[in-house]
file start-v6.json (JSON, C-alpha atoms)
[["chain", "number", "residue", "atom", "x", "y", "z"],
["Y", 1, "MET", "CA", -0.73, 7.02, 19.40],
["Y", 2, "LEU", "CA", 2.65, 5.44, 18.73],
["Y", 3, "LEU", "CA", 4.77, 6.05, 15.66],
["Y", 4, "ILE", "CA", 6.55, 2.82, 14.82],
["Y", 5, "HIS", "CA", 9.52, 2.59, 12.48],
["Y", 6, "CYS", "CA", 9.06, -0.30, 10.05],
["Y", 7, "PRO", "CA", 12.50, -1.69, 9.12],
["Y", 8, "HIS", "CA", 11.13, -2.90, 5.77],
["Y", 9, "CYS", "CA", 9.29, 0.29, 4.73],
["Y", 10, "GLN", "CA", 12.06, 2.35, 6.38],
["Y", 11, "GLU", "CA", 9.56, 4.89, 7.59],
["Y", 12, "TYR", "CA", 7.76, 5.88, 10.76],
["Y", 13, "ARG", "CA", 4.15, 4.76, 10.42],
["Y", 14, "ASP", "CA", 1.09, 5.13, 12.56],
["Y", 15, "GLU", "CA", 0.38, 2.45, 15.17],
["Y", 16, "GLU", "CA", -3.00, 1.83, 13.49],
["Y", 17, "GLU", "CA", -1.17, 0.11, 10.60],
["Y", 18, "PHE", "CA", 0.42, -2.50, 12.87],
["Y", 19, "SER", "CA", -0.68, -5.37, 14.99],
["Y", 20, "TYR", "CA", 1.12, -6.87, 17.94],
["Y", 21, "GLY", "CA", 2.63, -10.32, 17.46],
["Y", 22, "GLY", "CA", 3.77, -11.40, 20.92],
["Y", 23, "GLU", "CA", 7.20, -12.06, 22.36],
["Y", 24, "ALA", "CA", 10.10, -12.41, 19.92],
["Y", 25, "HIS", "CA", 13.08, -14.78, 19.84],
["Y", 26, "ILE", "CA", 11.16, -17.83, 21.03],
["Y", 27, "VAL", "CA", 12.86, -20.81, 19.42],
["Y", 28, "ARG", "CA", 10.83, -23.90, 18.69],
["Y", 29, "PRO", "CA", 12.46, -26.96, 20.30],
["Y", 30, "LEU", "CA", 14.20, -29.13, 17.70],
["Y", 31, "GLU", "CA", 12.85, -32.35, 19.21],
["Y", 32, "PRO", "CA", 9.43, -31.66, 20.72],
["Y", 33, "GLU", "CA", 8.86, -35.37, 21.42],
["Y", 34, "ALA", "CA", 11.93, -35.43, 23.68],
["Y", 35, "LEU", "CA", 10.51, -32.74, 25.97],
["Y", 36, "SER", "CA", 8.59, -33.29, 29.17],
["Y", 37, "ASP", "CA", 5.01, -31.99, 29.29],
["Y", 38, "GLU", "CA", 6.17, -29.16, 31.54],
["Y", 39, "GLU", "CA", 8.92, -28.05, 29.15],
["Y", 40, "TRP", "CA", 6.53, -28.20, 26.18],
["Y", 41, "GLY", "CA", 3.92, -26.26, 28.15],
["Y", 42, "ASP", "CA", 6.52, -23.63, 29.01],
["Y", 43, "TYR", "CA", 7.43, -23.28, 25.33],
["Y", 44, "LEU", "CA", 3.82, -23.02, 24.21],
["Y", 45, "PHE", "CA", 2.19, -20.90, 26.88],
["Y", 46, "PHE", "CA", 4.65, -19.18, 29.20],
["Y", 47, "ARG", "CA", 6.08, -15.78, 28.34],
["Y", 48, "THR", "CA", 8.58, -13.66, 30.24],
["Y", 49, "ASN", "CA", 6.17, -10.75, 30.92],
["Y", 50, "SER", "CA", 9.17, -8.53, 31.61],
["Y", 51, "ARG", "CA", 8.98, -5.18, 33.30],
["Y", 52, "GLY", "CA", 11.21, -2.84, 31.30],
["Y", 53, "ILE", "CA", 13.01, -4.00, 28.18],
["Y", 54, "HIS", "CA", 10.95, -6.41, 26.10],
["Y", 55, "HIS", "CA", 11.67, -7.84, 22.64],
["Y", 56, "GLU", "CA", 8.47, -8.42, 20.73],
["Y", 57, "MET", "CA", 7.14, -9.07, 17.26],
["Y", 58, "TRP", "CA", 5.03, -6.58, 15.34],
["Y", 59, "TYR", "CA", 3.21, -7.11, 12.07],
["Y", 60, "HIS", "CA", 2.92, -4.30, 9.53],
["Y", 61, "LEU", "CA", -0.60, -5.31, 8.61],
["Y", 62, "VAL", "CA", -1.63, -2.50, 6.29],
["Y", 63, "GLY", "CA", 1.81, -1.73, 4.88],
["Y", 64, "CYS", "CA", 4.38, -4.25, 3.71],
["Y", 65, "ARG", "CA", 2.65, -7.16, 5.53],
["Y", 66, "ARG", "CA", 5.90, -8.36, 7.09],
["Y", 67, "TYR", "CA", 6.81, -9.24, 10.65],
["Y", 68, "PHE", "CA", 9.66, -7.47, 12.37],
["Y", 69, "ASN", "CA", 10.93, -7.20, 15.94],
["Y", 70, "ALA", "CA", 10.84, -4.26, 18.30],
["Y", 71, "THR", "CA", 12.54, -3.53, 21.60],
["Y", 72, "ARG", "CA", 10.06, -1.75, 23.83],
["Y", 73, "ASN", "CA", 10.15, -0.52, 27.37],
["Y", 74, "THR", "CA", 6.98, -1.95, 28.89],
["Y", 75, "VAL", "CA", 6.97, 0.71, 31.62],
["Y", 76, "THR", "CA", 7.19, 3.81, 29.43],
["Y", 77, "TYR", "CA", 5.94, 2.31, 26.13],
["Y", 78, "GLU", "CA", 9.03, 3.77, 24.47],
["Y", 79, "ILE", "CA", 10.11, 1.79, 21.41],
["Y", 80, "LEU", "CA", 13.90, 1.80, 21.56],
["Y", 81, "GLU", "CA", 14.58, 0.10, 18.24],
["Y", 82, "THR", "CA", 13.02, -2.03, 15.54],
["Y", 83, "TYR", "CA", 14.92, -4.64, 13.58],
["Y", 84, "LYS", "CA", 14.26, -7.31, 10.99],
["Y", 85, "THR", "CA", 13.31, -10.84, 11.93],
["Y", 86, "GLY", "CA", 16.39, -13.05, 12.01],
["Y", 87, "THR", "CA", 18.67, -10.32, 13.33],
["Y", 88, "GLN", "CA", 19.60, -9.65, 16.95],
["Y", 89, "PRO", "CA", 18.71, -6.51, 18.92],
["Y", 90, "THR", "CA", 21.47, -4.03, 19.72],
["Y", 91, "ILE", "CA", 19.66, -2.84, 22.83],
["Y", 92, "THR", "CA", 19.11, -5.44, 25.54],
["Y", 93, "GLY", "CA", 18.37, -5.30, 29.24],
["Y", 94, "ALA", "CA", 22.03, -6.11, 29.90],
["Y", 95, "ASN", "CA", 23.57, -3.20, 27.98],
["Y", 96, "LEU", "CA", 20.97, -0.53, 28.70],
["N", 1, "MET", "CA", -9.74, -11.92, -20.09],
["N", 2, "SER", "CA", -12.29, -13.61, -22.30],
["N", 3, "LYS", "CA", -14.35, -11.29, -24.42],
["N", 4, "SER", "CA", -17.40, -13.58, -24.14],
["N", 5, "ILE", "CA", -17.79, -12.92, -20.42],
["N", 6, "LYS", "CA", -19.39, -9.67, -19.42],
["N", 7, "LEU", "CA", -17.16, -7.96, -16.90],
["N", 8, "GLU", "CA", -18.20, -5.02, -14.82],
["N", 9, "SER", "CA", -15.79, -2.78, -12.97],
["N", 10, "PRO", "CA", -16.48, -2.33, -9.26],
["N", 11, "LEU", "CA", -17.62, 1.26, -9.73],
["N", 12, "HIS", "CA", -19.49, 0.84, -13.02],
["N", 13, "TYR", "CA", -22.75, 2.11, -11.54],
["N", 14, "PHE", "CA", -21.10, 5.31, -10.33],
["N", 15, "HIS", "CA", -19.93, 6.45, -13.72],
["N", 16, "ALA", "CA", -21.63, 9.66, -14.70],
["N", 17, "ALA", "CA", -24.40, 8.80, -12.27],
["N", 18, "LEU", "CA", -23.36, 10.91, -9.32],
["N", 19, "ASN", "CA", -22.28, 14.42, -10.06],
["N", 20, "ARG", "CA", -22.34, 17.01, -7.36],
["N", 21, "LYS", "CA", -21.82, 20.47, -8.69],
["N", 22, "PRO", "CA", -20.85, 23.02, -6.07],
["N", 23, "GLU", "CA", -22.37, 26.45, -5.85],
["N", 24, "PRO", "CA", -20.32, 28.81, -8.01],
["N", 25, "VAL", "CA", -17.79, 30.45, -5.73],
["N", 26, "LYS", "CA", -15.66, 33.45, -6.37],
["N", 27, "SER", "CA", -11.92, 32.98, -6.35],
["N", 28, "PRO", "CA", -9.78, 35.50, -4.45],
["N", 29, "ALA", "CA", -9.24, 37.35, -7.72],
["N", 30, "GLY", "CA", -12.98, 37.79, -7.99],
["N", 31, "ALA", "CA", -13.42, 35.71, -11.10],
["N", 32, "LEU", "CA", -15.57, 32.60, -11.27],
["N", 33, "PHE", "CA", -13.77, 29.30, -11.41],
["N", 34, "ASN", "CA", -13.57, 27.92, -14.89],
["N", 35, "ASP", "CA", -15.11, 24.59, -15.82],
["N", 36, "GLU", "CA", -12.07, 22.49, -14.99],
["N", 37, "ALA", "CA", -11.42, 24.16, -11.65],
["N", 38, "GLU", "CA", -15.08, 24.09, -10.69],
["N", 39, "TYR", "CA", -14.63, 20.62, -9.28],
["N", 40, "GLY", "CA", -12.08, 20.37, -6.52],
["N", 41, "LEU", "CA", -11.99, 16.61, -6.76],
["N", 42, "VAL", "CA", -12.49, 14.49, -9.85],
["N", 43, "VAL", "CA", -12.53, 10.73, -9.37],
["N", 44, "LYS", "CA", -11.96, 8.53, -12.38],
["N", 45, "GLU", "CA", -11.80, 4.78, -12.32],
["N", 46, "ALA", "CA", -9.43, 2.95, -14.64],
["N", 47, "THR", "CA", -11.84, 0.13, -15.38],
["N", 48, "LEU", "CA", -10.89, -3.51, -15.95],
["N", 49, "SER", "CA", -7.16, -3.18, -15.76],
["N", 50, "ALA", "CA", -4.63, -5.95, -15.33],
["N", 51, "HIS", "CA", -3.38, -6.38, -11.76],
["N", 52, "LEU", "CA", -0.68, -8.94, -11.04],
["N", 53, "ASN", "CA", 1.02, -9.73, -7.78],
["N", 54, "LEU", "CA", 4.67, -10.53, -8.37],
["N", 55, "ARG", "CA", 6.98, -12.21, -5.87],
["N", 56, "GLY", "CA", 10.67, -12.81, -6.34],
["N", 57, "ASP", "CA", 14.10, -12.07, -4.96],
["N", 58, "GLY", "CA", 14.87, -8.39, -5.49],
["N", 59, "SER", "CA", 18.49, -8.88, -4.47],
["N", 60, "ASN", "CA", 18.93, -11.23, -7.42],
["N", 61, "ALA", "CA", 20.17, -9.12, -10.36],
["N", 62, "HIS", "CA", 19.04, -11.86, -12.75],
["N", 63, "PHE", "CA", 15.43, -11.56, -11.57],
["N", 64, "CYS", "CA", 15.49, -7.77, -11.89],
["N", 65, "SER", "CA", 16.88, -7.82, -15.40],
["N", 66, "GLU", "CA", 14.29, -10.40, -16.49],
["N", 67, "VAL", "CA", 11.44, -8.22, -15.21],
["N", 68, "THR", "CA", 12.95, -5.25, -17.04],
["N", 69, "GLU", "CA", 13.21, -7.35, -20.18],
["N", 70, "ALA", "CA", 9.54, -8.39, -19.97],
["N", 71, "LEU", "CA", 8.09, -5.02, -19.03],
["N", 72, "GLY", "CA", 10.60, -2.38, -19.99],
["N", 73, "LEU", "CA", 10.48, -1.22, -16.37],
["N", 74, "MET", "CA", 13.02, -1.26, -13.57],
["N", 75, "VAL", "CA", 11.99, -3.21, -10.47],
["N", 76, "PRO", "CA", 11.58, -0.61, -7.70],
["N", 77, "LEU", "CA", 13.85, -1.77, -4.88],
["N", 78, "THR", "CA", 13.52, 1.32, -2.71],
["N", 79, "PRO", "CA", 10.65, 1.04, -0.22],
["N", 80, "GLY", "CA", 7.70, 3.32, -0.94],
["N", 81, "THR", "CA", 8.43, 3.89, -4.62],
["N", 82, "TYR", "CA", 7.08, 2.76, -7.96],
["N", 83, "GLN", "CA", 8.08, 2.79, -11.61],
["N", 84, "ARG", "CA", 5.85, 3.77, -14.48],
["N", 85, "ASN", "CA", 6.12, 3.38, -18.21],
["N", 86, "GLY", "CA", 3.06, 4.51, -20.14],
["N", 87, "ASN", "CA", 0.11, 2.56, -18.77],
["N", 88, "THR", "CA", 2.21, 0.02, -16.88],
["N", 89, "SER", "CA", 3.23, 0.59, -13.28],
["N", 90, "ILE", "CA", 5.11, -1.58, -10.85],
["N", 91, "TYR", "CA", 4.68, -0.76, -7.15],
["N", 92, "TRP", "CA", 6.93, -1.77, -4.26],
["N", 93, "LEU", "CA", 4.77, -3.68, -1.77],
["N", 94, "GLY", "CA", 7.41, -5.40, 0.34],
["N", 95, "PRO", "CA", 11.01, -6.63, 0.27],
["N", 96, "SER", "CA", 10.10, -9.43, -2.15],
["N", 97, "GLU", "CA", 6.69, -8.37, -3.42],
["N", 98, "TRP", "CA", 5.49, -6.04, -6.15],
["N", 99, "LEU", "CA", 2.19, -5.07, -7.70],
["N", 100, "LEU", "CA", 2.01, -4.79, -11.43],
["N", 101, "VAL", "CA", -0.82, -2.70, -12.89],
["N", 102, "GLU", "CA", -1.43, -2.23, -16.58],
["N", 103, "ILE", "CA", -4.25, 0.24, -17.18],
["N", 104, "GLY", "CA", -6.60, -1.25, -19.75],
["N", 105, "GLY", "CA", -4.26, -4.21, -20.08],
["N", 106, "ASP", "CA", -4.96, -7.89, -20.57],
["N", 107, "ALA", "CA", -3.90, -9.79, -17.44],
["N", 108, "GLU", "CA", -3.63, -13.10, -19.25],
["N", 109, "GLU", "CA", -1.35, -11.71, -21.92],
["N", 110, "LEU", "CA", 0.77, -9.92, -19.32],
["N", 111, "GLU", "CA", 1.09, -13.04, -17.18],
["N", 112, "THR", "CA", 2.07, -15.16, -20.17],
["N", 113, "ARG", "CA", 4.69, -12.62, -21.16],
["N", 114, "LEU", "CA", 6.17, -12.63, -17.64],
["N", 115, "ARG", "CA", 6.11, -16.41, -17.32],
["N", 116, "LYS", "CA", 7.96, -16.75, -20.62],
["N", 117, "THR", "CA", 10.75, -14.45, -19.46],
["N", 118, "LEU", "CA", 11.05, -15.01, -15.71],
["N", 119, "THR", "CA", 12.96, -17.99, -14.42],
["N", 120, "GLY", "CA", 13.77, -19.26, -10.96],
["N", 121, "HIS", "CA", 11.81, -19.07, -7.72],
["N", 122, "ILE", "CA", 9.00, -16.63, -8.50],
["N", 123, "SER", "CA", 5.26, -16.27, -8.11],
["N", 124, "ILE", "CA", 2.79, -14.44, -10.33],
["N", 125, "VAL", "CA", -0.84, -14.19, -9.22],
["N", 126, "ASP", "CA", -3.61, -12.58, -11.26],
["N", 127, "ILE", "CA", -5.58, -10.39, -8.84],
["N", 128, "SER", "CA", -7.31, -8.24, -11.48],
["N", 129, "GLY", "CA", -10.76, -9.19, -10.23],
["N", 130, "GLY", "CA", -9.94, -8.29, -6.66],
["N", 131, "GLN", "CA", -9.01, -4.66, -6.95],
["N", 132, "THR", "CA", -9.41, -1.55, -9.04],
["N", 133, "CYS", "CA", -7.45, 1.59, -9.72],
["N", 134, "ILE", "CA", -8.93, 5.06, -9.35],
["N", 135, "ASN", "CA", -7.37, 8.38, -10.22],
["N", 136, "LEU", "CA", -7.95, 11.50, -8.11],
["N", 137, "ARG", "CA", -7.24, 14.94, -9.47],
["N", 138, "GLY", "CA", -8.15, 18.54, -8.80],
["N", 139, "PRO", "CA", -7.07, 21.30, -6.45],
["N", 140, "GLY", "CA", -8.71, 19.64, -3.43],
["N", 141, "VAL", "CA", -7.09, 16.26, -3.80],
["N", 142, "ALA", "CA", -4.13, 16.81, -1.45],
["N", 143, "THR", "CA", -6.44, 17.98, 1.34],
["N", 144, "VAL", "CA", -8.84, 15.08, 0.78],
["N", 145, "LEU", "CA", -5.94, 12.62, 1.04],
["N", 146, "LYS", "CA", -4.62, 14.23, 4.20],
["N", 147, "LYS", "CA", -7.96, 14.12, 5.95],
["N", 148, "SER", "CA", -8.76, 10.59, 4.77],
["N", 149, "SER", "CA", -5.53, 8.82, 5.62],
["N", 150, "ILE", "CA", -3.27, 8.35, 8.63],
["N", 151, "TYR", "CA", -0.19, 8.52, 6.42],
["N", 152, "ASP", "CA", 1.90, 11.66, 6.65],
["N", 153, "PHE", "CA", 1.69, 13.11, 3.15],
["N", 154, "GLU", "CA", 3.62, 16.22, 4.20],
["N", 155, "ALA", "CA", 6.79, 14.48, 3.04],
["N", 156, "TRP", "CA", 5.30, 14.25, -0.45],
["N", 157, "ASP", "CA", 4.67, 17.99, -0.69],
["N", 158, "ASN", "CA", 8.25, 18.48, -1.72],
["N", 159, "ALA", "CA", 7.62, 17.74, -5.38],
["N", 160, "THR", "CA", 11.20, 16.96, -6.31],
["N", 161, "SER", "CA", 11.62, 14.14, -3.84],
["N", 162, "ALA", "CA", 7.98, 13.04, -3.95],
["N", 163, "LEU", "CA", 7.81, 11.95, -7.58],
["N", 164, "GLY", "CA", 7.26, 8.25, -7.94],
["N", 165, "ARG", "CA", 6.18, 7.68, -4.36],
["N", 166, "ALA", "CA", 3.73, 4.91, -3.53],
["N", 167, "VAL", "CA", 2.51, 3.88, -0.10],
["N", 168, "GLN", "CA", 0.31, 1.13, 1.24],
["N", 169, "THR", "CA", -1.72, 2.56, 4.05],
["N", 170, "ASN", "CA", -5.20, 3.10, 5.40],
["N", 171, "PHE", "CA", -7.55, 5.23, 3.35],
["N", 172, "ALA", "CA", -10.60, 5.93, 5.49],
["N", 173, "LYS", "CA", -11.07, 2.48, 7.06],
["N", 174, "ALA", "CA", -9.97, 0.57, 3.97],
["N", 175, "SER", "CA", -6.49, -0.28, 2.79],
["N", 176, "ALA", "CA", -5.16, 1.35, -0.36],
["N", 177, "ILE", "CA", -1.99, 1.80, -2.35],
["N", 178, "ILE", "CA", -1.66, 5.54, -2.91],
["N", 179, "SER", "CA", 0.80, 6.90, -5.45],
["N", 180, "ASN", "CA", 1.46, 10.30, -6.91],
["N", 181, "LYS", "CA", 1.83, 11.05, -10.58],
["N", 182, "SER", "CA", 3.91, 13.66, -12.33],
["N", 183, "ASP", "CA", 0.77, 15.54, -13.46],
["N", 184, "GLY", "CA", -0.15, 16.27, -9.83],
["N", 185, "SER", "CA", -2.91, 13.67, -9.63],
["N", 186, "TYR", "CA", -2.95, 10.59, -7.42],
["N", 187, "ASP", "CA", -3.66, 6.94, -8.18],
["N", 188, "LEU", "CA", -5.37, 4.75, -5.62],
["N", 189, "VAL", "CA", -5.40, 0.97, -5.90],
["N", 190, "ILE", "CA", -8.27, -0.25, -3.74],
["N", 191, "ARG", "CA", -9.95, -3.56, -3.00],
["N", 192, "ARG", "CA", -13.01, -4.37, -5.04],
["N", 193, "SER", "CA", -15.02, -5.15, -1.91],
["N", 194, "PHE", "CA", -14.22, -1.70, -0.52],
["N", 195, "ALA", "CA", -14.68, 0.17, -3.82],
["N", 196, "ASP", "CA", -18.23, 1.29, -3.06],
["N", 197, "TYR", "CA", -17.25, 2.40, 0.45],
["N", 198, "VAL", "CA", -14.25, 4.38, -0.85],
["N", 199, "ALA", "CA", -16.35, 6.02, -3.59],
["N", 200, "GLN", "CA", -19.03, 7.04, -1.08],
["N", 201, "TRP", "CA", -16.30, 8.34, 1.21],
["N", 202, "LEU", "CA", -14.74, 10.38, -1.60],
["N", 203, "LEU", "CA", -18.08, 11.92, -2.55],
["N", 204, "ASP", "CA", -18.59, 12.93, 1.06],
["N", 205, "ALA", "CA", -15.01, 14.07, 1.71],
["N", 206, "GLY", "CA", -14.87, 15.94, -1.59],
["N", 207, "GLU", "CA", -18.23, 17.63, -1.25],
["N", 208, "GLU", "CA", -16.73, 20.80, 0.19],
["N", 209, "PHE", "CA", -14.53, 21.15, -2.92],
["N", 210, "GLY", "CA", -17.15, 19.90, -5.35],
["N", 211, "CYS", "CA", -16.69, 16.29, -6.34],
["N", 212, "ARG", "CA", -17.64, 14.29, -9.36],
["N", 213, "ILE", "CA", -17.04, 10.77, -10.55],
["N", 214, "GLU", "CA", -15.99, 10.75, -14.15],
["N", 215, "ALA", "CA", -16.83, 7.99, -16.58],
["N", 216, "GLU", "CA", -13.93, 6.45, -18.42],
["N", 217, "LYS", "CA", -15.11, 7.61, -21.82],
["N", 218, "GLU", "CA", -16.48, 11.09, -21.51]]
call {"tool": "encode", "arguments": {"input": "start-v6.json", "output": "structure tokens"}}
result
Amino acid sequence: MLLIHCPHCQEYRDEEEFSYGGEAHIVRPLEPEALSDEEWGDYLFFRTNSRGIHHEMWYHLVGCRRYFNATRNTVTYEILETYKTGTQPTITGANL
Amino acid sequence: MSKSIKLESPLHYFHAALNRKPEPVKSPAGALFNDEAEYGLVVKEATLSAHLNLRGDGSNAHFCSEVTEALGLMVPLTPGTYQRNGNTSIYWLGPSEWLLVEIGGDAEELETRLRKTLTGHISIVDISGGQTCINLRGPGVATVLKKSSIYDFEAWDNATSALGRAVQTNFAKASAIISNKSDGSYDLVIRRSFADYVAQWLLDAGEEFGCRIEAEKE
């Protein structure tokens, strides 16, 4: 069972209170109609599926009911940091 | 709330209906427990209270002072805390969300009072019909909470830092807002649809300590 630090509640809470929200930092294209079908399909359906450092969204379902981002190592399941939506991670694959 | 409509609290049928008295047990000192201590867990519902969901910008000092003006209560800005003044409590739910509970209060009157005072980008929703507040007291209550919830209540054991704590977490398989009071009892705000489940759970979980559900006027 994971203990996840919620940046809003500022506490470690049990994994049971959270739900996974998919990859973070995916920016919606400003002009979807200008994209090719392939580019739009990539935006909608294709994810990086990284091995190692992965930035992802989590939802504190039972607690504050807010989304936040987490940096997780997909190999070890270790959560390296959690941070509020709209901010950038301090730990990335490049600086690890 | 209109007086012409008959309202029933979610646990109305439990009041004074289900009392489980434990076998008299001897305390370490050898004396029988007295009447109050005989029950390790006493559950009491605060029936038909006013519950309002309040949204606003907590970083806006103007908003905070207006809430204080309307309620006589500070807006809790620290996560996991609440403020109480008499029968009125305001719980921190999220960075921009609070729950306002007035035990025995009139939601309509409370909402009108808030709407008169609060200005700007806010939201007030009357959710009185959707949830209820129950109070748990007795020597077994801390153990019952610990075995019913995934939240780590150990941090609350330190009474000095624990006063005024409130947490939204899982209680059994239902969600609840659990808060501690200065008299050593705990308040649970639970969903109406889960009220029966939570009450049944408490009767079962509290059986080893002796559990009873107390009617509001007893």
call {"tool": "interface_residues", "arguments": {"input": "start-v6.json", "of": "chain Y", "to": "chain N", "cutoff": "9 Å", "atoms": "only C-alpha atoms", "output": "list in words"}}
result
His8, Cys9, Gln10, Glu11, Arg13, Asp14, Glu16, Glu17, Val62, Gly63, Cys64, Arg65 and Arg66 of chain Y
call {"tool": "residues_near_point", "arguments": {"input": "start-v6.json", "point": "(-7.7, 0.5, -4.1)", "cutoff": "12 Å", "atoms": "only C-alpha atoms", "output": "JSON, numbers by chain"}}
result
{"N": [10, 11, 45, 46, 51, 99, 101, 128, 129, 130, 131, 132, 133, 134, 135, 136, 167, 168, 169, 170, 171, 172, 173, 174, 175, 176, 177, 178, 179, 186, 187, 188, 189, 190, 191, 192, 193, 194, 195, 196, 197, 198, 199]}
call {"tool": "atom_distance", "arguments": {"input": "start-v6.json", "atom1": "atom CA of N:Leu110", "atom2": "atom CA of N:Tyr82"}}
result
18.2 Å
call {"tool": "closest_residue", "arguments": {"input": "start-v6.json", "among": "N:Ala107, N:Asn87, N:Asp57, N:Arg115", "to": "N:Val75", "atoms": "only C-alpha atoms"}}
result
N:Asp57
call {"tool": "residues_around", "arguments": {"input": "start-v6.json", "residues": "Y:Glu56", "least_positions_apart": "6", "cutoff": "10 Å", "atoms": "only C-alpha atoms", "output": "list in words"}}
result
Tyr20, Gly21, Gly22, Glu23, Ala24, His25, Ile26, Phe68, Asn69, Ala70, Thr71, Arg72 and Thr82 of chain Y
call {"tool": "atom_distance", "arguments": {"input": "start-v6.json", "atom1": "atom CA of N:Gly56", "atom2": "atom CA of N:Trp98"}}
result
8.5 Å
call {"tool": "residues_near_point", "arguments": {"input": "start-v6.json", "point": "(-14.8, 10.3, -12.2)", "cutoff": "7 Å", "atoms": "only C-alpha atoms", "output": "number ranges by chain"}}
result
N: 15, 42-45, 212-215
call {"tool": "residues_around", "arguments": {"input": "start-v6.json", "residues": "Y:Glu81", "least_positions_apart": "2", "cutoff": "10 Å", "atoms": "only C-alpha atoms", "output": "PyMOL selection string"}}
result
chain Y and resi 4-7+55+69-72+78-79+83+89-91
call {"tool": "atom_distance", "arguments": {"input": "start-v6.json", "atom1": "atom CA of N:Lys147", "atom2": "atom CA of N:Gly40"}}
result
14.5 Å
call {"tool": "closest_residue", "arguments": {"input": "start-v6.json", "among": "Y:Leu35, Y:Leu80, Y:Val27, Y:Val75", "to": "Y:Ser50", "atoms": "only C-alpha atoms"}}
result
Y:Val75
call {"tool": "residues_around", "arguments": {"input": "start-v6.json", "residues": "N:Gly138", "least_positions_apart": "2", "cutoff": "6 Å", "atoms": "all atoms listed in the file", "output": "PyMOL selection string"}}
result
chain N and resi 40-41+140-141
call {"tool": "write_last_selection", "arguments": {"input": "start-v6.json", "atoms": "C-alpha atoms", "output": "CSV table (one decimal), in the frame of the given file"}}
result
chain,number,residue,atom,x,y,z
N,40,GLY,CA,-12.1,20.4,-6.5
N,41,LEU,CA,-12.0,16.6,-6.8
N,140,GLY,CA,-8.7,19.6,-3.4
N,141,VAL,CA,-7.1,16.3,-3.8
call {"tool": "closest_residue", "arguments": {"input": "start-v6.json", "among": "N:Ser149, N:Arg137, N:Asp126, N:Cys211", "to": "N:Ser182", "atoms": "only C-alpha atoms"}}
result
N:Arg137
call {"tool": "closest_residue", "arguments": {"input": "start-v6.json", "among": "N:Gly210, N:Leu114, N:Thr47, N:His121", "to": "N:Leu71", "atoms": "all atoms listed in the file"}}
result
N:Leu114
call {"tool": "decode", "arguments": {"input": "start-v6.json", "residues": "stretch 97-110 of chain N", "atoms": "N, CA and C atoms", "output": "PDB file, in the first residue's frame"}}
result
ATOM      1  N   GLU N  97     -12.733  25.429  -0.407  1.00  0.00           N
ATOM      2  CA  GLU N  97     -14.025  24.815  -0.086  1.00  0.00           C
ATOM      3  C   GLU N  97     -14.143  24.546   1.411  1.00  0.00           C
ATOM      4  N   TRP N  98     -15.286  24.904   1.960  1.00  0.00           N
ATOM      5  CA  TRP N  98     -15.527  24.686   3.389  1.00  0.00           C
ATOM      6  C   TRP N  98     -16.923  24.107   3.595  1.00  0.00           C
ATOM      7  N   LEU N  99     -17.073  23.401   4.703  1.00  0.00           N
ATOM      8  CA  LEU N  99     -18.398  22.912   5.090  1.00  0.00           C
ATOM      9  C   LEU N  99     -18.817  23.637   6.356  1.00  0.00           C
ATOM     10  N   LEU N 100     -20.030  24.145   6.295  1.00  0.00           N
ATOM     11  CA  LEU N 100     -20.570  24.894   7.409  1.00  0.00           C
ATOM     12  C   LEU N 100     -21.682  24.060   8.038  1.00  0.00           C
ATOM     13  N   VAL N 101     -21.558  23.744   9.316  1.00  0.00           N
ATOM     14  CA  VAL N 101     -22.593  22.953   9.980  1.00  0.00           C
ATOM     15  C   VAL N 101     -23.088  23.719  11.192  1.00  0.00           C
ATOM     16  N   GLU N 102     -24.393  23.933  11.255  1.00  0.00           N
ATOM     17  CA  GLU N 102     -24.977  24.534  12.448  1.00  0.00           C
ATOM     18  C   GLU N 102     -25.932  23.518  13.044  1.00  0.00           C
ATOM     19  N   ILE N 103     -25.538  22.978  14.207  1.00  0.00           N
ATOM     20  CA  ILE N 103     -26.349  21.952  14.854  1.00  0.00           C
ATOM     21  C   ILE N 103     -27.700  22.564  15.239  1.00  0.00           C
ATOM     22  N   GLY N 104     -28.756  21.930  14.780  1.00  0.00           N
ATOM     23  CA  GLY N 104     -30.100  22.415  15.078  1.00  0.00           C
ATOM     24  C   GLY N 104     -30.437  23.728  14.387  1.00  0.00           C
ATOM     25  N   GLY N 105     -29.608  24.116  13.423  1.00  0.00           N
ATOM     26  CA  GLY N 105     -29.805  25.412  12.783  1.00  0.00           C
ATOM     27  C   GLY N 105     -30.792  25.353  11.618  1.00  0.00           C
ATOM     28  N   ASP N 106     -31.133  26.525  11.152  1.00  0.00           N
ATOM     29  CA  ASP N 106     -32.049  26.658  10.017  1.00  0.00           C
ATOM     30  C   ASP N 106     -31.206  27.033   8.787  1.00  0.00           C
ATOM     31  N   ALA N 107     -31.129  26.101   7.836  1.00  0.00           N
ATOM     32  CA  ALA N 107     -30.241  26.291   6.679  1.00  0.00           C
ATOM     33  C   ALA N 107     -30.628  27.524   5.863  1.00  0.00           C
ATOM     34  N   GLU N 108     -31.937  27.734   5.750  1.00  0.00           N
ATOM     35  CA  GLU N 108     -32.408  28.850   4.944  1.00  0.00           C
ATOM     36  C   GLU N 108     -31.968  30.180   5.547  1.00  0.00           C
ATOM     37  N   GLU N 109     -32.139  30.254   6.868  1.00  0.00           N
ATOM     38  CA  GLU N 109     -31.772  31.487   7.568  1.00  0.00           C
ATOM     39  C   GLU N 109     -30.270  31.727   7.476  1.00  0.00           C
ATOM     40  N   LEU N 110     -29.510  30.645   7.626  1.00  0.00           N
ATOM     41  CA  LEU N 110     -28.048  30.732   7.579  1.00  0.00           C
ATOM     42  C   LEU N 110     -27.581  31.156   6.192  1.00  0.00           C
TER      43      LEU N 110
END
